[in-house]
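Student: I am sharing my_file.tsv, which consists of TSV, C-alpha atoms:
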```tsv
chain	number	residue	atom	x	y	z
A	178	ALA	CA	43.69	-63.95	78.12
A	179	PRO	CA	40.14	-65.39	78.03
A	180	SER	CA	39.72	-64.93	81.79
A	181	ALA	CA	40.43	-61.21	81.45
A	182	LEU	CA	38.14	-60.81	78.45
A	183	THR	CA	35.19	-62.17	80.41
A	184	ASP	CA	35.25	-58.84	82.25
A	185	ALA	CA	35.73	-56.73	79.11
A	186	VAL	CA	33.25	-54.25	77.70
A	187	ILE	CA	33.34	-53.62	73.97
A	188	VAL	CA	32.40	-50.01	73.19
A	189	GLY	CA	31.81	-48.69	69.68
A	190	LEU	CA	31.62	-44.98	68.88
A	191	ASP	CA	30.68	-42.86	65.89
A	192	VAL	CA	30.71	-39.07	65.82
A	193	GLU	CA	28.94	-36.91	63.25
A	194	TRP	CA	29.38	-33.19	62.71
A	195	TRP	CA	27.87	-30.51	60.50
A	196	GLU	CA	29.33	-30.71	57.02
A	197	TRP	CA	30.07	-26.97	56.92
A	198	ASP	CA	31.97	-26.78	60.21
A	199	LYS	CA	33.67	-29.61	62.11
A	200	ASP	CA	33.34	-27.56	65.31
A	201	ASP	CA	29.57	-28.17	65.26
A	202	LEU	CA	29.09	-31.68	66.61
A	203	THR	CA	25.60	-32.96	65.77
A	204	GLU	CA	25.32	-36.67	66.67
A	205	LEU	CA	26.85	-39.42	68.76
A	206	GLY	CA	26.36	-43.13	68.26
A	207	VAL	CA	27.40	-45.59	70.98
A	208	SER	CA	27.26	-49.40	70.84
A	209	ILE	CA	27.97	-51.52	73.91
A	210	LEU	CA	28.60	-55.23	74.31
A	211	ASP	CA	28.99	-56.39	77.90
A	212	THR	CA	30.89	-59.67	77.61
A	213	ARG	CA	29.67	-60.72	81.05
A	214	LEU	CA	26.27	-61.22	79.47
A	215	ILE	CA	27.42	-63.80	76.93
A	216	PRO	CA	29.21	-67.15	77.34
A	217	TRP	CA	32.82	-67.46	76.23
A	218	THR	CA	31.65	-69.93	73.58
A	219	ALA	CA	29.01	-67.54	72.23
A	220	THR	CA	28.20	-67.69	68.53
A	221	ILE	CA	28.23	-64.53	66.42
A	222	ILE	CA	24.42	-64.50	66.68
A	223	GLN	CA	24.58	-64.57	70.49
A	224	ALA	CA	27.30	-61.93	70.60
A	225	LEU	CA	25.79	-59.41	68.19
A	226	SER	CA	22.30	-59.94	69.61
A	227	SER	CA	23.70	-58.71	72.93
A	228	VAL	CA	24.94	-55.42	71.43
A	229	TYR	CA	22.88	-52.38	72.37
A	230	THR	CA	23.16	-49.18	70.38
A	231	TYR	CA	22.27	-45.66	71.44
A	232	HIS	CA	21.79	-42.59	69.28
A	233	PHE	CA	22.08	-39.06	70.60
A	234	ARG	CA	21.52	-35.73	68.89
A	235	ILE	CA	23.24	-32.70	70.39
A	236	LYS	CA	20.55	-30.17	71.29
A	237	GLU	CA	22.68	-27.11	70.60
A	238	ASN	CA	23.28	-28.24	67.01
A	239	ALA	CA	20.26	-30.47	66.29
A	240	HIS	CA	18.96	-27.96	63.73
A	241	LEU	CA	22.11	-28.45	61.64
A	242	VAL	CA	21.29	-31.33	59.30
A	243	ASN	CA	23.68	-32.43	56.58
A	244	THR	CA	21.99	-32.12	53.19
A	245	ASP	CA	24.60	-30.84	50.75
A	246	LEU	CA	28.02	-32.47	50.83
A	247	CYS	CA	27.43	-35.54	52.97
A	248	PRO	CA	23.65	-36.10	53.38
A	249	GLY	CA	22.52	-37.70	56.62
A	250	SER	CA	19.23	-38.66	58.24
A	251	PRO	CA	19.41	-38.01	62.00
A	252	ASP	CA	15.74	-38.97	62.36
A	253	ASN	CA	16.27	-42.38	60.73
A	254	PHE	CA	17.87	-44.34	63.58
A	255	GLN	CA	17.15	-48.04	63.02
A	256	PHE	CA	18.39	-49.69	66.20
A	257	GLY	CA	16.59	-47.96	69.03
A	258	ILE	CA	15.25	-44.64	70.26
A	259	THR	CA	16.94	-41.34	69.43
A	260	LYS	CA	17.56	-39.11	72.45
A	261	PHE	CA	18.38	-35.39	72.54
A	262	ILE	CA	21.10	-34.30	74.97
A	263	ASN	CA	23.08	-31.14	75.60
A	264	LYS	CA	26.88	-31.07	75.46
A	265	GLU	CA	27.30	-31.44	79.22
A	266	GLN	CA	25.04	-34.50	79.28
A	267	ALA	CA	26.91	-35.88	76.28
A	268	ARG	CA	30.20	-35.72	78.16
A	269	ASP	CA	28.69	-37.51	81.17
A	270	MET	CA	27.21	-40.16	78.88
A	271	LEU	CA	30.54	-40.78	77.14
A	272	LEU	CA	32.44	-41.09	80.40
A	273	LYS	CA	29.89	-43.60	81.67
A	274	ALA	CA	30.10	-45.56	78.41
A	275	PHE	CA	33.86	-45.95	78.76
A	276	THR	CA	34.23	-46.43	82.52
A	277	TRP	CA	32.67	-49.52	84.08
A	278	PRO	CA	33.43	-50.43	87.73
A	279	LEU	CA	34.93	-53.89	88.08
A	280	ARG	CA	32.90	-54.41	91.27
A	281	GLU	CA	30.70	-52.27	93.45
A	282	ASP	CA	33.26	-52.25	96.26
A	283	THR	CA	36.21	-51.04	94.19
A	284	SER	CA	37.29	-48.10	92.07
A	285	GLU	CA	39.06	-50.43	89.66
A	286	LEU	CA	37.63	-50.33	86.15
A	287	ARG	CA	36.74	-53.11	83.77
A	288	PRO	CA	38.87	-53.40	80.61
A	289	VAL	CA	37.35	-51.69	77.57
A	290	ILE	CA	37.91	-52.53	73.91
A	291	PHE	CA	37.25	-49.43	71.82
A	292	VAL	CA	35.87	-50.04	68.31
A	293	GLY	CA	35.44	-47.52	65.51
A	294	HIS	CA	35.66	-46.96	61.77
A	295	ALA	CA	38.51	-44.51	61.08
A	296	VAL	CA	38.76	-44.44	64.85
A	297	ASP	CA	41.40	-41.70	65.00
A	298	ASN	CA	38.73	-39.18	63.94
A	299	ASP	CA	36.48	-40.18	66.83
A	300	ILE	CA	39.35	-40.08	69.34
A	301	ALA	CA	40.24	-36.56	68.17
A	302	MET	CA	36.61	-35.44	68.50
A	303	LEU	CA	36.38	-36.76	72.06
A	304	GLN	CA	39.43	-34.74	73.01
A	305	GLN	CA	38.45	-31.59	71.14
A	306	HIS	CA	34.79	-31.32	72.11
A	307	PHE	CA	34.59	-33.05	75.48
A	308	GLY	CA	38.12	-32.93	76.85
A	309	ILE	CA	38.14	-36.73	77.09
A	310	ASP	CA	41.52	-38.34	76.54
A	311	ILE	CA	40.64	-42.02	76.34
A	312	SER	CA	44.26	-43.04	76.79
A	313	ALA	CA	44.19	-41.35	80.19
A	314	LEU	CA	41.10	-43.20	81.42
A	315	GLY	CA	43.23	-46.17	82.40
A	316	CYS	CA	40.79	-48.79	81.15
A	317	ILE	CA	41.22	-48.92	77.36
A	318	VAL	CA	43.12	-52.15	76.72
A	319	ALA	CA	42.73	-52.18	72.93
A	320	THR	CA	41.61	-49.86	70.14
A	321	VAL	CA	40.13	-51.60	67.12
A	322	ASP	CA	39.71	-49.85	63.76
A	323	THR	CA	37.53	-51.69	61.26
A	324	GLN	CA	39.46	-50.12	58.39
A	325	GLN	CA	42.60	-51.84	59.67
A	326	MET	CA	40.64	-55.03	60.38
A	327	ALA	CA	39.51	-55.05	56.75
A	328	ILE	CA	43.12	-54.89	55.56
A	329	GLU	CA	44.11	-57.75	57.87
A	330	ALA	CA	41.15	-59.77	56.60
A	331	GLY	CA	42.24	-59.23	53.00
A	332	ILE	CA	39.33	-56.94	52.14
A	333	ARG	CA	40.38	-54.14	49.82
A	334	ALA	CA	38.72	-50.87	48.91
A	335	LYS	CA	37.30	-50.50	45.42
A	336	LYS	CA	39.69	-47.60	44.89
A	337	GLN	CA	43.13	-46.83	46.24
A	338	GLY	CA	43.16	-46.22	50.00
A	339	VAL	CA	41.31	-47.61	52.99
A	340	ILE	CA	37.78	-48.91	52.73
A	341	GLY	CA	34.64	-46.95	53.62
A	342	LEU	CA	31.97	-48.34	55.94
A	343	ARG	CA	29.39	-48.81	53.18
A	344	ASP	CA	31.80	-50.82	51.03
A	345	LEU	CA	32.99	-52.85	54.01
A	346	ILE	CA	29.56	-54.01	55.11
A	347	GLY	CA	28.63	-54.44	51.46
A	348	TRP	CA	31.52	-56.88	51.05
A	349	PHE	CA	29.75	-59.17	53.51
A	350	LYS	CA	26.49	-58.79	51.54
A	351	VAL	CA	24.89	-56.83	54.35
A	352	ASP	CA	21.85	-55.18	52.78
A	353	VAL	CA	21.80	-51.57	53.97
A	354	ASP	CA	19.67	-48.73	52.70
A	355	PRO	CA	22.12	-45.89	51.83
A	356	GLY	CA	19.73	-43.52	53.59
A	357	GLU	CA	20.60	-45.18	56.91
A	358	LEU	CA	24.27	-44.24	56.74
A	359	HIS	CA	25.81	-41.03	58.09
A	360	THR	CA	23.44	-41.34	61.04
A	361	ALA	CA	25.69	-41.87	64.06
A	362	GLY	CA	23.62	-44.60	65.70
A	363	ASN	CA	23.30	-46.62	62.51
A	364	ASP	CA	26.96	-46.18	61.57
A	365	VAL	CA	28.24	-47.43	64.91
A	366	ALA	CA	25.88	-50.43	64.83
A	367	TYR	CA	27.14	-51.41	61.38
A	368	THR	CA	30.71	-50.81	62.54
A	369	MET	CA	30.26	-53.33	65.36
A	370	ILE	CA	28.75	-55.84	62.95
A	371	ALA	CA	31.63	-55.29	60.51
A	372	ALA	CA	34.17	-55.78	63.31
A	373	PHE	CA	32.79	-59.21	64.18
A	374	LEU	CA	32.54	-60.27	60.54
A	375	CYS	CA	36.10	-59.12	59.82
A	376	ALA	CA	37.35	-61.00	62.88
A	377	HIS	CA	35.68	-64.17	61.61
A	378	LYS	CA	37.24	-63.82	58.18
A	379	ALA	CA	40.71	-62.90	59.46
A	380	THR	CA	40.83	-65.97	61.70
A	381	LYS	CA	39.71	-68.25	58.85
A	382	ILE	CA	36.42	-68.96	60.59
A	383	ILE	CA	33.64	-69.31	58.05
A	384	TYR	CA	31.62	-66.13	58.34
A	385	PRO	CA	27.84	-66.37	58.58
A	386	HIS	CA	25.60	-66.93	55.60
A	387	GLN	CA	23.75	-63.84	54.35
A	388	SER	CA	20.50	-65.18	55.81
A	389	VAL	CA	22.13	-65.33	59.26
A	390	ILE	CA	23.34	-61.74	58.94
A	391	LYS	CA	19.83	-60.66	57.93
A	392	PHE	CA	18.43	-62.47	60.96
A	393	ILE	CA	20.89	-60.63	63.24
A	394	LEU	CA	19.99	-57.25	61.72
A	395	ASN	CA	16.26	-57.88	62.15
A	396	ARG	CA	16.79	-59.00	65.73
A	397	LEU	CA	18.74	-55.83	66.54
A	398	LYS	CA	16.28	-53.53	64.81
A	399	TYR	CA	12.96	-54.91	65.98
A	400	ARG	CA	13.48	-55.95	69.59
A	401	ASP	CA	11.93	-53.90	72.42
A	402	HIS	CA	14.51	-51.13	72.84
A	403	ARG	CA	12.70	-49.57	75.80
A	404	LEU	CA	13.96	-52.42	77.96
A	405	VAL	CA	17.48	-50.96	77.73
A	406	ASP	CA	16.69	-47.30	77.20
A	407	SER	CA	19.44	-44.80	78.03
A	408	ARG	CA	18.83	-42.65	81.10
A	409	PHE	CA	20.44	-39.71	79.32
A	410	GLY	CA	18.49	-37.11	77.38
A	411	THR	CA	14.91	-36.76	76.25
A	412	GLU	CA	12.99	-38.29	73.36
A	413	VAL	CA	11.09	-35.08	72.67
A	414	PHE	CA	12.82	-31.89	71.55
A	415	CYS	CA	11.83	-29.23	69.03
A	416	THR	CA	14.71	-28.06	66.85
A	417	LEU	CA	12.74	-24.91	66.00
A	418	CYS	CA	11.90	-23.47	69.43
A	419	ASP	CA	13.93	-25.73	71.80
A	420	SER	CA	10.82	-26.98	73.60
A	421	GLU	CA	10.87	-30.40	75.25
A	422	GLU	CA	7.08	-30.62	74.98
A	423	HIS	CA	6.80	-31.33	71.25
A	424	MET	CA	8.74	-32.21	68.11
A	425	GLU	CA	9.51	-29.90	65.19
A	426	GLN	CA	6.65	-31.20	63.03
A	427	ASP	CA	4.18	-30.35	65.81
A	428	CYS	CA	5.57	-26.90	66.63
A	429	LYS	CA	3.02	-24.08	66.73
A	430	GLU	CA	5.36	-21.44	68.15
A	431	PHE	CA	5.94	-18.28	66.14
A	432	VAL	CA	9.53	-18.12	64.95
A	433	LEU	CA	11.17	-15.48	62.79
A	434	CYS	CA	14.60	-15.17	61.24
A	435	GLU	CA	15.56	-11.52	60.90
A	436	LYS	CA	18.43	-12.44	58.57
A	437	CYS	CA	16.30	-14.27	56.02
A	438	GLY	CA	13.68	-11.52	56.17
A	439	LEU	CA	16.20	-9.13	54.64
A	440	TYR	CA	16.79	-11.20	51.50
A	441	PRO	CA	14.07	-11.55	48.82
A	442	ARG	CA	15.30	-15.02	47.84
A	443	ARG	CA	15.05	-16.22	51.45
A	444	VAL	CA	12.05	-14.32	52.74
A	445	ASP	CA	9.80	-17.38	52.33
A	446	GLN	CA	12.03	-19.20	54.83
A	447	ALA	CA	12.05	-16.39	57.40
A	448	MET	CA	9.16	-17.85	59.42
A	449	GLU	CA	10.63	-21.35	59.51
A	450	HIS	CA	13.38	-20.80	62.10
A	451	LYS	CA	14.86	-18.42	64.64
A	452	THR	CA	17.58	-15.93	63.75
A	453	GLU	CA	20.10	-17.81	65.88
A	454	LYS	CA	19.26	-21.03	64.02
A	455	CYS	CA	19.70	-19.60	60.52
A	456	VAL	CA	21.49	-22.32	58.56
A	457	ALA	CA	21.60	-20.30	55.34
A	458	GLY	CA	23.33	-17.48	57.18
A	459	LEU	CA	25.91	-19.86	58.61
A	460	LYS	CA	26.58	-21.32	55.17
A	461	ASP	CA	27.08	-17.82	53.76
A	462	LEU	CA	29.50	-17.07	56.58
A	463	HIS	CA	31.52	-20.22	55.95
A	464	SER	CA	31.56	-19.76	52.17
A	465	GLN	CA	33.12	-16.32	52.67
A	466	SER	CA	35.67	-17.63	55.14
A	467	ALA	CA	39.36	-17.51	54.33
A	468	SER	CA	39.73	-21.01	55.73
A	469	PRO	CA	42.27	-23.16	53.85
A	470	MET	CA	39.64	-25.91	53.79
A	471	LYS	CA	37.45	-25.08	50.80
A	472	TYR	CA	35.04	-27.86	51.77
A	473	PRO	CA	34.38	-29.00	55.36
A	474	ILE	CA	33.78	-32.55	54.05
A	475	PRO	CA	36.81	-33.93	52.21
A	476	CYS	CA	37.00	-35.96	49.03
A	477	GLN	CA	36.45	-39.49	50.31
A	478	ASP	CA	38.94	-40.97	47.86
A	479	CYS	CA	41.75	-38.56	48.75
A	480	ILE	CA	41.21	-38.54	52.52
A	481	MET	CA	41.62	-42.33	52.51
A	482	SER	CA	44.54	-42.34	50.07
A	483	ILE	CA	47.99	-43.56	51.08
A	484	SER	CA	49.49	-40.82	48.90
A	485	PRO	CA	50.60	-37.84	51.06
A	486	ASP	CA	49.97	-35.46	48.16
A	487	ARG	CA	46.39	-36.61	47.61
A	488	PHE	CA	45.71	-36.67	51.35
A	489	SER	CA	46.91	-33.06	51.75
A	490	LYS	CA	44.51	-31.89	49.03
A	491	ALA	CA	41.46	-33.82	50.27
A	492	TYR	CA	39.63	-30.72	51.50
A	493	SER	CA	40.12	-28.80	48.25
A	494	HIS	CA	37.38	-30.58	46.28
A	495	LEU	CA	34.41	-32.92	46.49
A	496	THR	CA	34.49	-36.65	45.80
A	497	GLU	CA	32.44	-36.31	42.61
A	498	ASP	CA	34.92	-33.74	41.28
A	499	CYS	CA	38.02	-35.80	42.01
```
For this file, produce the structure as structure tokens.
Tutor:
Amino acid sequence: APSALTDAVIVGLDVEWWEWDKDDLTELGVSILDTRLIPWTATIIQALSSVYTYHFRIKENAHLVNTDLCPGSPDNFQFGITKFINKEQARDMLLKAFTWPLREDTSELRPVIFVGHAVDNDIAMLQQHFGIDISALGCIVATVDTQQMAIEAGIRAKKQGVIGLRDLIGWFKVDVDPGELHTAGNDVAYTMIAAFLCAHKATKIIYPHQSVIKFILNRLKYRDHRLVDSRFGTEVFCTLCDSEEHMEQDCKEFVLCEKCGLYPRRVDQAMEHKTEKCVAGLKDLHSQSASPMKYPIPCQDCIMSISPDRFSKAYSHLTEDC
């Protein structure tokens, strides 16, 4: 009912992990729309302009950057200020994002509408890495998946299966640099935009002209984000030495990888990272693993296929080899 929705909070989430091991969570993107801040008759410009997006990199895994199978750009957040947090802080942040007191004098929570793209993956990650069962929070009144919204709006994937985020926002002529995607903060922002655009199309409301969408994007990207800065984490963190006094590009600390120093082909990289942050060593370890998943990142066509046979083989090959 409209009266209930005036108290709702719409929360979007995107989770990114290292392409070589899904156990290594690297980024979290959270978008929040507090419906108390907008009138019930709000236009799509008013609504989306009230969305605030936060991007967090997990300190323990911030040195793990996807470059091979599913390239990402964790330092290319377009909608605010990237913060570095540890896993404990990340759990606290997520709980706060999903639990909003109805009033100061009550323990009752405001209703939350959870939005995601392939949302089941994000729900599973919350449970696995943070022990958060969103169904047990008692405040989630609806879970919205933009892949399902696209189907209901009559938007089909270019290939068999459900649609990817890039193709979905591209359908609405949203101009996005491919280098912005697979960054958790950017992905969740575009997911929220896609959700509103899909809702407009599904309800036969004329969706905004491309110039309006461009205006919304510019407004979200270039406003003063420090006015709504997250209180979690720190802006400064060195992924080489773990200092909170400088960034990686300014690091003057001596670091040495004993593993790379043993291999002639990697000796030039030995003074670029610590032994415990040796990405090449981790890749070697995973490539020798007897894991049934040949590739940590699945074929995007097969993982989204409605065919059980193709779905079961998604981790056996890359998209370009399908």
Student: Would you list the contacts of segment 179-195 of chain A as a PyMOL selection string, taking every protein, DNA or RNA residue within 7 Å and counting all atoms listed in the file, but skipping same-chain residues closer than 6 positions in sequence?
Tutor: chain A and resi 201-213+241-243+287-293+299+361+364-365+369
Student: Residues as selected, C-alpha atoms, written as an mmCIF file, in the frame of the given file, can you do that?
Tutor:
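This went into part.cif:
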```cif
data_model
loop_
_atom_site.group_PDB
_atom_site.id
_atom_site.type_symbol
_atom_site.label_atom_id
_atom_site.label_comp_id
_atom_site.auth_asym_id
_atom_site.auth_seq_id
_atom_site.Cartn_x
_atom_site.Cartn_y
_atom_site.Cartn_z
ATOM 1 C CA ASP A 201 29.570 -28.170 65.260
ATOM 2 C CA LEU A 202 29.090 -31.680 66.610
ATOM 3 C CA THR A 203 25.600 -32.960 65.770
ATOM 4 C CA GLU A 204 25.320 -36.670 66.670
ATOM 5 C CA LEU A 205 26.850 -39.420 68.760
ATOM 6 C CA GLY A 206 26.360 -43.130 68.260
ATOM 7 C CA VAL A 207 27.400 -45.590 70.980
ATOM 8 C CA SER A 208 27.260 -49.400 70.840
ATOM 9 C CA ILE A 209 27.970 -51.520 73.910
ATOM 10 C CA LEU A 210 28.600 -55.230 74.310
ATOM 11 C CA ASP A 211 28.990 -56.390 77.900
ATOM 12 C CA THR A 212 30.890 -59.670 77.610
ATOM 13 C CA ARG A 213 29.670 -60.720 81.050
ATOM 14 C CA LEU A 241 22.110 -28.450 61.640
ATOM 15 C CA VAL A 242 21.290 -31.330 59.300
ATOM 16 C CA ASN A 243 23.680 -32.430 56.580
ATOM 17 C CA ARG A 287 36.740 -53.110 83.770
ATOM 18 C CA PRO A 288 38.870 -53.400 80.610
ATOM 19 C CA VAL A 289 37.350 -51.690 77.570
ATOM 20 C CA ILE A 290 37.910 -52.530 73.910
ATOM 21 C CA PHE A 291 37.250 -49.430 71.820
ATOM 22 C CA VAL A 292 35.870 -50.040 68.310
ATOM 23 C CA GLY A 293 35.440 -47.520 65.510
ATOM 24 C CA ASP A 299 36.480 -40.180 66.830
ATOM 25 C CA ALA A 361 25.690 -41.870 64.060
ATOM 26 C CA ASP A 364 26.960 -46.180 61.570
ATOM 27 C CA VAL A 365 28.240 -47.430 64.910
ATOM 28 C CA MET A 369 30.260 -53.330 65.360
#
```
Student: Mind dumping a table of every segment 416-464 of chain A residue within 12 Å of segment 249-267 of chain A, with the nearest atom pair and its distance in Å to one decimal, using all atoms listed in the file, sorted by chain and rising number, as a tab-separated table?
Tutor:
```
residue	atom	partner	partner_atom	distance
A:Thr416	CA	A:Phe261	CA	10.0
A:Asp419	CA	A:Phe261	CA	10.7
A:Ser420	CA	A:Phe261	CA	11.4
A:Glu421	CA	A:Phe261	CA	9.4
A:Met424	CA	A:Phe261	CA	11.1
A:Glu425	CA	A:Asp252	CA	11.4
A:Gln426	CA	A:Asp252	CA	12.0
```
Student: Which is closer to Val351 of chain A than all the others in A:Ala295, A:Cys415, A:Leu246, A:Ile390, using all atoms listed in the file?
Tutor: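 Among the listed residues, A:Ile390 lies closest to Val351 of chain A.
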Student: If you measure from atom CA of Leu345 of chain A to atom CA of Leu214 of chain A, what distance in Å do you get, rounded to one decimal?
Tutor: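 Taking atom CA of Leu345 of chain A as the start and atom CA of Leu214 of chain A as the end point, the length is 27.6 Å.
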Student: Rounded to one decimal, what separation in Å do you get between atom CA of Ala457 of chain A and atom CA of Gln305 of chain A?
Tutor: 25.7 Å
Student: Would you mind telling me which residue in A:Ala219, A:Arg268, A:Thr411, A:Ile393 lies nearest to His423 of chain A when using all atoms listed in the file?
Tutor: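 The answer is A:Thr411, which sits nearest to His423 of chain A.
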Student: Considering all atoms listed in the file, can you say which of A:Phe414, A:Trp217, A:Val296, A:Arg442 comes closest to Ile235 of chain A?
Tutor: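 For Ile235 of chain A, the nearest of the candidates is A:Phe414.
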